[in-house]
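Just my_file.pdb here, PDB, C-alpha atoms, pLDDT in the B column:
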```pdb
ATOM      1  CA  MET A  19      11.646   1.547  10.176  1.00 87.00           C
ATOM      2  CA  ARG A  20      13.761   2.805   7.317  1.00 93.00           C
ATOM      3  CA  VAL A  21      13.870   3.177   3.545  1.00 95.00           C
ATOM      4  CA  ILE A  22      15.683   0.088   2.272  1.00 96.00           C
ATOM      5  CA  ALA A  23      16.768   1.036  -1.255  1.00 95.00           C
ATOM      6  CA  GLY A  24      16.779   3.762  -3.889  1.00 94.00           C
ATOM      7  CA  LYS A  25      17.038   7.554  -3.692  1.00 96.00           C
ATOM      8  CA  ALA A  26      16.180   7.754   0.013  1.00 96.00           C
ATOM      9  CA  LYS A  27      18.047   4.582   1.051  1.00 96.00           C
ATOM     10  CA  GLY A  28      18.902   4.449   4.745  1.00 93.00           C
ATOM     11  CA  ARG A  29      16.586   7.279   5.817  1.00 95.00           C
ATOM     12  CA  ARG A  30      14.820   6.474   9.076  1.00 95.00           C
ATOM     13  CA  LEU A  31      11.066   6.933   9.011  1.00 95.00           C
ATOM     14  CA  PHE A  32       9.069   8.434  11.835  1.00 94.00           C
ATOM     15  CA  SER A  33       6.377   6.274  13.404  1.00 92.00           C
ATOM     16  CA  VAL A  34       2.971   7.004  14.870  1.00 88.00           C
ATOM     17  CA  SER A  35       2.793   6.546  18.625  1.00 78.00           C
ATOM     18  CA  GLY A  36       0.167   4.171  19.971  1.00 66.00           C
ATOM     19  CA  GLN A  37      -1.680   1.310  18.301  1.00 60.00           C
ATOM     20  CA  SER A  38      -3.462   3.197  15.518  1.00 55.00           C
ATOM     21  CA  THR A  39      -1.125   1.963  12.772  1.00 64.00           C
ATOM     22  CA  ARG A  40       0.476  -1.373  11.988  1.00 67.00           C
ATOM     23  CA  PRO A  41       3.935  -0.719  10.527  1.00 78.00           C
ATOM     24  CA  ILE A  42       5.422  -3.182   8.071  1.00 89.00           C
ATOM     25  CA  THR A  43       8.716  -4.728   9.154  1.00 90.00           C
ATOM     26  CA  ASP A  44      11.814  -4.081   7.080  1.00 90.00           C
ATOM     27  CA  ARG A  45      12.041  -7.835   6.398  1.00 94.00           C
ATOM     28  CA  VAL A  46       8.547  -7.998   4.888  1.00 95.00           C
ATOM     29  CA  LYS A  47       9.020  -4.726   2.993  1.00 95.00           C
ATOM     30  CA  GLU A  48      12.278  -5.993   1.495  1.00 95.00           C
ATOM     31  CA  ALA A  49      10.619  -9.280   0.468  1.00 96.00           C
ATOM     32  CA  LEU A  50       7.700  -7.380  -1.087  1.00 97.00           C
ATOM     33  CA  PHE A  51       9.955  -5.164  -3.186  1.00 97.00           C
ATOM     34  CA  ASP A  52      12.084  -8.145  -4.233  1.00 96.00           C
ATOM     35  CA  ILE A  53       8.867  -9.620  -5.649  1.00 96.00           C
ATOM     36  CA  LEU A  54       7.766  -6.342  -7.261  1.00 96.00           C
ATOM     37  CA  ALA A  55      11.291  -5.705  -8.643  1.00 90.00           C
ATOM     38  CA  GLY A  56      11.257  -3.682 -11.876  1.00 92.00           C
ATOM     39  CA  ARG A  57       7.471  -3.429 -11.890  1.00 96.00           C
ATOM     40  CA  VAL A  58       7.797  -0.428  -9.554  1.00 98.00           C
ATOM     41  CA  ILE A  59       9.789   1.699 -12.021  1.00 97.00           C
ATOM     42  CA  GLU A  60       7.568   4.551 -13.280  1.00 98.00           C
ATOM     43  CA  ALA A  61       4.503   2.848 -11.738  1.00 98.00           C
ATOM     44  CA  ARG A  62       1.481   4.714 -10.421  1.00 98.00           C
ATOM     45  CA  PHE A  63       1.385   3.454  -6.826  1.00 98.00           C
ATOM     46  CA  LEU A  64      -1.635   3.615  -4.502  1.00 98.00           C
ATOM     47  CA  ASP A  65      -1.095   3.109  -0.761  1.00 98.00           C
ATOM     48  CA  LEU A  66      -4.462   2.495   0.954  1.00 98.00           C
ATOM     49  CA  PHE A  67      -4.644   2.764   4.755  1.00 97.00           C
ATOM     50  CA  ALA A  68      -1.227   4.384   4.303  1.00 96.00           C
ATOM     51  CA  GLY A  69      -0.314   4.959   7.953  1.00 94.00           C
ATOM     52  CA  THR A  70       3.248   6.306   8.039  1.00 95.00           C
ATOM     53  CA  GLY A  71       3.571   5.856   4.271  1.00 96.00           C
ATOM     54  CA  ALA A  72       6.475   3.400   4.570  1.00 96.00           C
ATOM     55  CA  VAL A  73       5.416   1.231   1.605  1.00 97.00           C
ATOM     56  CA  GLY A  74       4.531   4.051  -0.780  1.00 98.00           C
ATOM     57  CA  ILE A  75       7.698   5.917   0.209  1.00 98.00           C
ATOM     58  CA  GLU A  76       9.747   2.793  -0.527  1.00 98.00           C
ATOM     59  CA  ALA A  77       8.065   2.616  -3.953  1.00 98.00           C
ATOM     60  CA  LEU A  78       8.912   6.266  -4.666  1.00 98.00           C
ATOM     61  CA  SER A  79      12.484   5.752  -3.491  1.00 98.00           C
ATOM     62  CA  ARG A  80      12.792   2.806  -5.888  1.00 98.00           C
ATOM     63  CA  GLY A  81      11.560   4.771  -8.887  1.00 97.00           C
ATOM     64  CA  ALA A  82       7.758   4.779  -8.892  1.00 98.00           C
ATOM     65  CA  GLY A  83       6.464   7.621 -11.062  1.00 97.00           C
ATOM     66  CA  ASP A  84       4.102   8.812  -8.356  1.00 98.00           C
ATOM     67  CA  ALA A  85       2.339   7.585  -5.246  1.00 98.00           C
ATOM     68  CA  THR A  86      -1.055   8.412  -3.793  1.00 98.00           C
ATOM     69  CA  PHE A  87      -1.467   7.867  -0.055  1.00 98.00           C
ATOM     70  CA  VAL A  88      -4.982   7.483   1.378  1.00 98.00           C
ATOM     71  CA  GLU A  89      -5.340   7.771   5.154  1.00 97.00           C
ATOM     72  CA  ARG A  90      -7.939   9.307   7.454  1.00 96.00           C
ATOM     73  CA  ASN A  91      -6.178   9.231  10.856  1.00 94.00           C
ATOM     74  CA  SER A  92      -4.868  12.744  11.588  1.00 95.00           C
ATOM     75  CA  ARG A  93      -1.812  11.589  13.581  1.00 94.00           C
ATOM     76  CA  ALA A  94      -0.852   9.122  10.851  1.00 95.00           C
ATOM     77  CA  LEU A  95      -1.301  11.836   8.203  1.00 96.00           C
ATOM     78  CA  ALA A  96       0.997  14.213  10.071  1.00 96.00           C
ATOM     79  CA  THR A  97       3.636  11.485  10.333  1.00 96.00           C
ATOM     80  CA  LEU A  98       3.202  10.544   6.665  1.00 97.00           C
ATOM     81  CA  ARG A  99       3.718  14.141   5.549  1.00 97.00           C
ATOM     82  CA  ARG A 100       6.754  14.433   7.827  1.00 97.00           C
ATOM     83  CA  ASN A 101       8.212  11.229   6.333  1.00 97.00           C
ATOM     84  CA  LEU A 102       7.686  12.477   2.778  1.00 98.00           C
ATOM     85  CA  GLN A 103       9.498  15.741   3.594  1.00 97.00           C
ATOM     86  CA  HIS A 104      12.274  13.917   5.475  1.00 97.00           C
ATOM     87  CA  THR A 105      12.948  11.583   2.534  1.00 97.00           C
ATOM     88  CA  GLY A 106      12.738  14.347  -0.086  1.00 97.00           C
ATOM     89  CA  LEU A 107      10.007  12.467  -1.987  1.00 98.00           C
ATOM     90  CA  ALA A 108       7.048  14.780  -1.358  1.00 97.00           C
ATOM     91  CA  GLU A 109       6.969  16.265  -4.865  1.00 96.00           C
ATOM     92  CA  HIS A 110       5.946  12.894  -6.369  1.00 97.00           C
ATOM     93  CA  ALA A 111       3.315  12.193  -3.715  1.00 98.00           C
ATOM     94  CA  CYS A 112      -0.357  12.986  -3.321  1.00 98.00           C
ATOM     95  CA  VAL A 113      -1.712  12.662   0.221  1.00 98.00           C
ATOM     96  CA  VAL A 114      -5.481  12.223   0.481  1.00 98.00           C
ATOM     97  CA  ARG A 115      -7.288  12.509   3.816  1.00 98.00           C
ATOM     98  CA  ARG A 116     -10.326  10.345   3.196  1.00 97.00           C
ATOM     99  CA  ASP A 117     -12.003   7.094   4.083  1.00 97.00           C
ATOM    100  CA  VAL A 118     -10.578   4.403   1.776  1.00 98.00           C
ATOM    101  CA  PHE A 119     -14.012   3.161   0.680  1.00 97.00           C
ATOM    102  CA  LYS A 120     -15.175   6.666  -0.237  1.00 97.00           C
ATOM    103  CA  PHE A 121     -11.930   7.213  -2.137  1.00 98.00           C
ATOM    104  CA  ILE A 122     -12.425   4.004  -4.142  1.00 98.00           C
ATOM    105  CA  ALA A 123     -16.096   4.737  -4.849  1.00 97.00           C
ATOM    106  CA  ARG A 124     -15.465   8.303  -6.053  1.00 96.00           C
ATOM    107  CA  TYR A 125     -12.147   7.904  -7.868  1.00 96.00           C
ATOM    108  CA  GLN A 126     -12.172   9.193 -11.456  1.00 93.00           C
ATOM    109  CA  GLY A 127      -8.495   9.629 -12.368  1.00 94.00           C
ATOM    110  CA  PRO A 128      -6.114   7.427 -14.315  1.00 97.00           C
ATOM    111  CA  PRO A 129      -5.696   3.813 -13.161  1.00 97.00           C
ATOM    112  CA  PHE A 130      -2.988   2.663 -10.760  1.00 98.00           C
ATOM    113  CA  ASP A 131      -0.399   0.012 -11.574  1.00 98.00           C
ATOM    114  CA  ILE A 132       0.156  -1.214  -8.008  1.00 98.00           C
ATOM    115  CA  VAL A 133      -2.285  -0.957  -5.102  1.00 98.00           C
ATOM    116  CA  TYR A 134      -1.123  -1.728  -1.571  1.00 98.00           C
ATOM    117  CA  VAL A 135      -3.787  -2.516   1.040  1.00 97.00           C
ATOM    118  CA  ALA A 136      -2.777  -2.650   4.730  1.00 95.00           C
ATOM    119  CA  PRO A 137      -5.836  -1.955   6.896  1.00 94.00           C
ATOM    120  CA  PRO A 138      -6.180  -2.372  10.652  1.00 89.00           C
ATOM    121  CA  GLN A 139      -6.166  -6.063  11.582  1.00 84.00           C
ATOM    122  CA  TYR A 140      -9.069  -8.296  12.553  1.00 80.00           C
ATOM    123  CA  LYS A 141     -11.827  -6.060  11.226  1.00 86.00           C
ATOM    124  CA  GLY A 142     -12.336  -7.713   7.834  1.00 90.00           C
ATOM    125  CA  LEU A 143     -11.354  -4.474   6.111  1.00 95.00           C
ATOM    126  CA  TRP A 144      -8.892  -6.154   3.751  1.00 96.00           C
ATOM    127  CA  ALA A 145     -11.667  -8.337   2.302  1.00 97.00           C
ATOM    128  CA  LEU A 146     -14.071  -5.396   2.025  1.00 97.00           C
ATOM    129  CA  THR A 147     -11.359  -3.361   0.286  1.00 97.00           C
ATOM    130  CA  LEU A 148     -10.650  -6.135  -2.242  1.00 98.00           C
ATOM    131  CA  CYS A 149     -14.379  -6.405  -2.943  1.00 97.00           C
ATOM    132  CA  ALA A 150     -14.554  -2.626  -3.491  1.00 97.00           C
ATOM    133  CA  LEU A 151     -11.532  -2.778  -5.826  1.00 97.00           C
ATOM    134  CA  ASP A 152     -12.918  -5.767  -7.745  1.00 96.00           C
ATOM    135  CA  ASN A 153     -14.928  -3.655 -10.199  1.00 88.00           C
ATOM    136  CA  SER A 154     -13.211  -0.327  -9.667  1.00 94.00           C
ATOM    137  CA  PRO A 155     -12.071   1.896 -12.544  1.00 93.00           C
ATOM    138  CA  LEU A 156      -8.924   2.723 -10.569  1.00 95.00           C
ATOM    139  CA  LEU A 157      -7.390  -0.567 -11.776  1.00 95.00           C
ATOM    140  CA  ALA A 158      -5.678  -1.073 -15.132  1.00 91.00           C
ATOM    141  CA  LEU A 159      -5.822  -4.448 -16.924  1.00 91.00           C
ATOM    142  CA  ASP A 160      -2.387  -5.339 -15.576  1.00 94.00           C
ATOM    143  CA  SER A 161      -2.740  -3.803 -12.095  1.00 97.00           C
ATOM    144  CA  LEU A 162      -1.377  -5.707  -9.126  1.00 98.00           C
ATOM    145  CA  ILE A 163      -3.059  -5.504  -5.726  1.00 98.00           C
ATOM    146  CA  VAL A 164      -1.144  -6.546  -2.615  1.00 98.00           C
ATOM    147  CA  ALA A 165      -2.969  -7.036   0.687  1.00 97.00           C
ATOM    148  CA  GLN A 166      -0.993  -7.190   3.947  1.00 96.00           C
ATOM    149  CA  ILE A 167      -2.855  -9.220   6.563  1.00 96.00           C
ATOM    150  CA  HIS A 168      -2.359 -11.435   9.602  1.00 94.00           C
ATOM    151  CA  PRO A 169      -2.421 -15.182   8.742  1.00 95.00           C
ATOM    152  CA  LYS A 170      -5.569 -15.709  10.847  1.00 94.00           C
ATOM    153  CA  GLU A 171      -7.419 -13.171   8.699  1.00 94.00           C
ATOM    154  CA  TYR A 172      -6.975 -14.978   5.403  1.00 95.00           C
ATOM    155  CA  GLU A 173     -10.039 -16.439   3.756  1.00 94.00           C
ATOM    156  CA  PRO A 174     -10.771 -17.096   0.081  1.00 95.00           C
ATOM    157  CA  LEU A 175     -12.736 -14.200  -1.395  1.00 96.00           C
ATOM    158  CA  ASP A 176     -15.631 -14.430  -3.844  1.00 95.00           C
ATOM    159  CA  LEU A 177     -14.473 -11.832  -6.371  1.00 97.00           C
ATOM    160  CA  THR A 178     -15.856 -11.184  -9.861  1.00 96.00           C
ATOM    161  CA  ARG A 179     -12.751  -9.981 -11.715  1.00 95.00           C
ATOM    162  CA  LEU A 180      -9.772 -10.199  -9.372  1.00 97.00           C
ATOM    163  CA  ALA A 181      -8.008 -13.492  -8.692  1.00 97.00           C
ATOM    164  CA  LEU A 182      -5.434 -14.492  -6.086  1.00 97.00           C
ATOM    165  CA  SER A 183      -2.139 -15.155  -7.893  1.00 97.00           C
ATOM    166  CA  ASP A 184       0.237 -15.666  -4.947  1.00 97.00           C
ATOM    167  CA  ARG A 185       0.312 -15.696  -1.162  1.00 97.00           C
ATOM    168  CA  ARG A 186       3.493 -15.378   0.917  1.00 97.00           C
ATOM    169  CA  LYS A 187       3.851 -15.728   4.694  1.00 97.00           C
ATOM    170  CA  TYR A 188       6.516 -13.916   6.710  1.00 96.00           C
ATOM    171  CA  GLY A 189       6.048 -14.688  10.404  1.00 93.00           C
ATOM    172  CA  SER A 190       2.846 -12.942  11.495  1.00 93.00           C
ATOM    173  CA  THR A 191       2.345 -11.243   8.122  1.00 95.00           C
ATOM    174  CA  VAL A 192       0.839 -12.601   4.921  1.00 97.00           C
ATOM    175  CA  LEU A 193       1.081 -10.812   1.586  1.00 97.00           C
ATOM    176  CA  CYS A 194      -1.736 -11.733  -0.822  1.00 98.00           C
ATOM    177  CA  PHE A 195      -1.271 -10.803  -4.494  1.00 98.00           C
ATOM    178  CA  TYR A 196      -4.314 -10.231  -6.689  1.00 98.00           C
ATOM    179  CA  GLY A 197      -4.696  -9.310 -10.335  1.00 96.00           C
ATOM    180  CA  LEU A 198      -6.981  -9.656 -13.313  1.00 90.00           C
ATOM    181  CA  PRO A 199      -6.592 -13.115 -14.911  1.00 84.00           C
TER     182      PRO A 199
END
```

What does the file become when written as structure tokens?
Amino acid sequence: MRVIAGKAKGRRLFSVSGQSTRPITDRVKEALFDILAGRVIEARFLDLFAGTGAVGIEALSRGAGDATFVERNSRALATLRRNLQHTGLAEHACVVRRDVFKFIARYQGPPFDIVYVAPPQYKGLWALTLCALDNSPLLALDSLIVAQIHPKEYEPLDLTRLALSDRRKYGSTVLCFYGLP
């Protein structure tokens, strides 16, 4: 796992031992940021179920204005903080140790431009997270939500405001893109 482009390009990221996190492959991360392209510049980026922080760190490296990382696993948080220090991107990051659903329910700050959702697999958490985000004030009118899931997890969601705009498959990973129509 490494930072692919930007200020911290080439920096190797530390990983969490064991099965508690599901790291994104460099191939999928590169494809994601090719899709996001210039949208990342100066964006407010939210990384939910952040794990090692690889996606939010990539966003910061590519010019995001700031990134908020939400994670509750203590080992993942320690690795995330280590990765932010190692890449020199910590000053533009906010690390929140909290349950994602409590964070969404209690959030009162400015809206985020891009929200990345990569929860543990096979627990239905991605769908529950999208439902929680559906009417959340943490989204701007032009916010983009990206959910990283396994292909077997995908199911159409009954959402009030958010709509699926694109879905891309990369081996055993699917990226689902949601926004306000």

Counting all atoms listed in the file, the option among A:Ser183, A:Ala26, A:Ala165, A:Arg99 closest to Leu50 of chain A: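 Ranking A:Ser183, A:Ala26, A:Ala165, A:Arg99 by distance to Leu50 of chain A, first place goes to A:Ala165.
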
Sel. within 8 Å of pt (-2.6, -1.0, 3.2), counting all atoms listed in the file, output as a PyMOL selection string: chain A and resi 65-69+134-137+165-166

Between atom CA of Gln126 of chain A and atom CA of Phe51 of chain A - distance in Å to one decimal: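 Rounded to one decimal, the two atoms are 27.6 Å apart.
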
Residues selected by the PyMOL selection byres ((chain A and resi 82) around 9), written as a PyMOL selection string: chain A and resi 57-63+74+76-81+83-85+110

Selection from above, C-alpha atoms, as a PDB file, keeping the file's coordinate frame, can you write it?
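Heads up, here's the output in out_24.pdb:
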```pdb
ATOM      1  CA  ARG A  57       7.471  -3.429 -11.890  1.00 96.00           C
ATOM      2  CA  VAL A  58       7.797  -0.428  -9.554  1.00 98.00           C
ATOM      3  CA  ILE A  59       9.789   1.699 -12.021  1.00 97.00           C
ATOM      4  CA  GLU A  60       7.568   4.551 -13.280  1.00 98.00           C
ATOM      5  CA  ALA A  61       4.503   2.848 -11.738  1.00 98.00           C
ATOM      6  CA  ARG A  62       1.481   4.714 -10.421  1.00 98.00           C
ATOM      7  CA  PHE A  63       1.385   3.454  -6.826  1.00 98.00           C
ATOM      8  CA  GLY A  74       4.531   4.051  -0.780  1.00 98.00           C
ATOM      9  CA  GLU A  76       9.747   2.793  -0.527  1.00 98.00           C
ATOM     10  CA  ALA A  77       8.065   2.616  -3.953  1.00 98.00           C
ATOM     11  CA  LEU A  78       8.912   6.266  -4.666  1.00 98.00           C
ATOM     12  CA  SER A  79      12.484   5.752  -3.491  1.00 98.00           C
ATOM     13  CA  ARG A  80      12.792   2.806  -5.888  1.00 98.00           C
ATOM     14  CA  GLY A  81      11.560   4.771  -8.887  1.00 97.00           C
ATOM     15  CA  GLY A  83       6.464   7.621 -11.062  1.00 97.00           C
ATOM     16  CA  ASP A  84       4.102   8.812  -8.356  1.00 98.00           C
ATOM     17  CA  ALA A  85       2.339   7.585  -5.246  1.00 98.00           C
ATOM     18  CA  HIS A 110       5.946  12.894  -6.369  1.00 97.00           C
TER      19      HIS A 110
END
```

9 Å contact set for Ala96 of chain A, all atoms listed in the file, chain neighbours under 4 positions out, as number ranges by chain: A: 34, 70, 91-92, 100-101

Output check: residues returned by the PyMOL selection byres ((chain A and resi 161) around 12), as a PyMOL selection string: chain A and resi 54+57-58+61-64+128-134+151-152+154-160+162-164+179-181+195-199
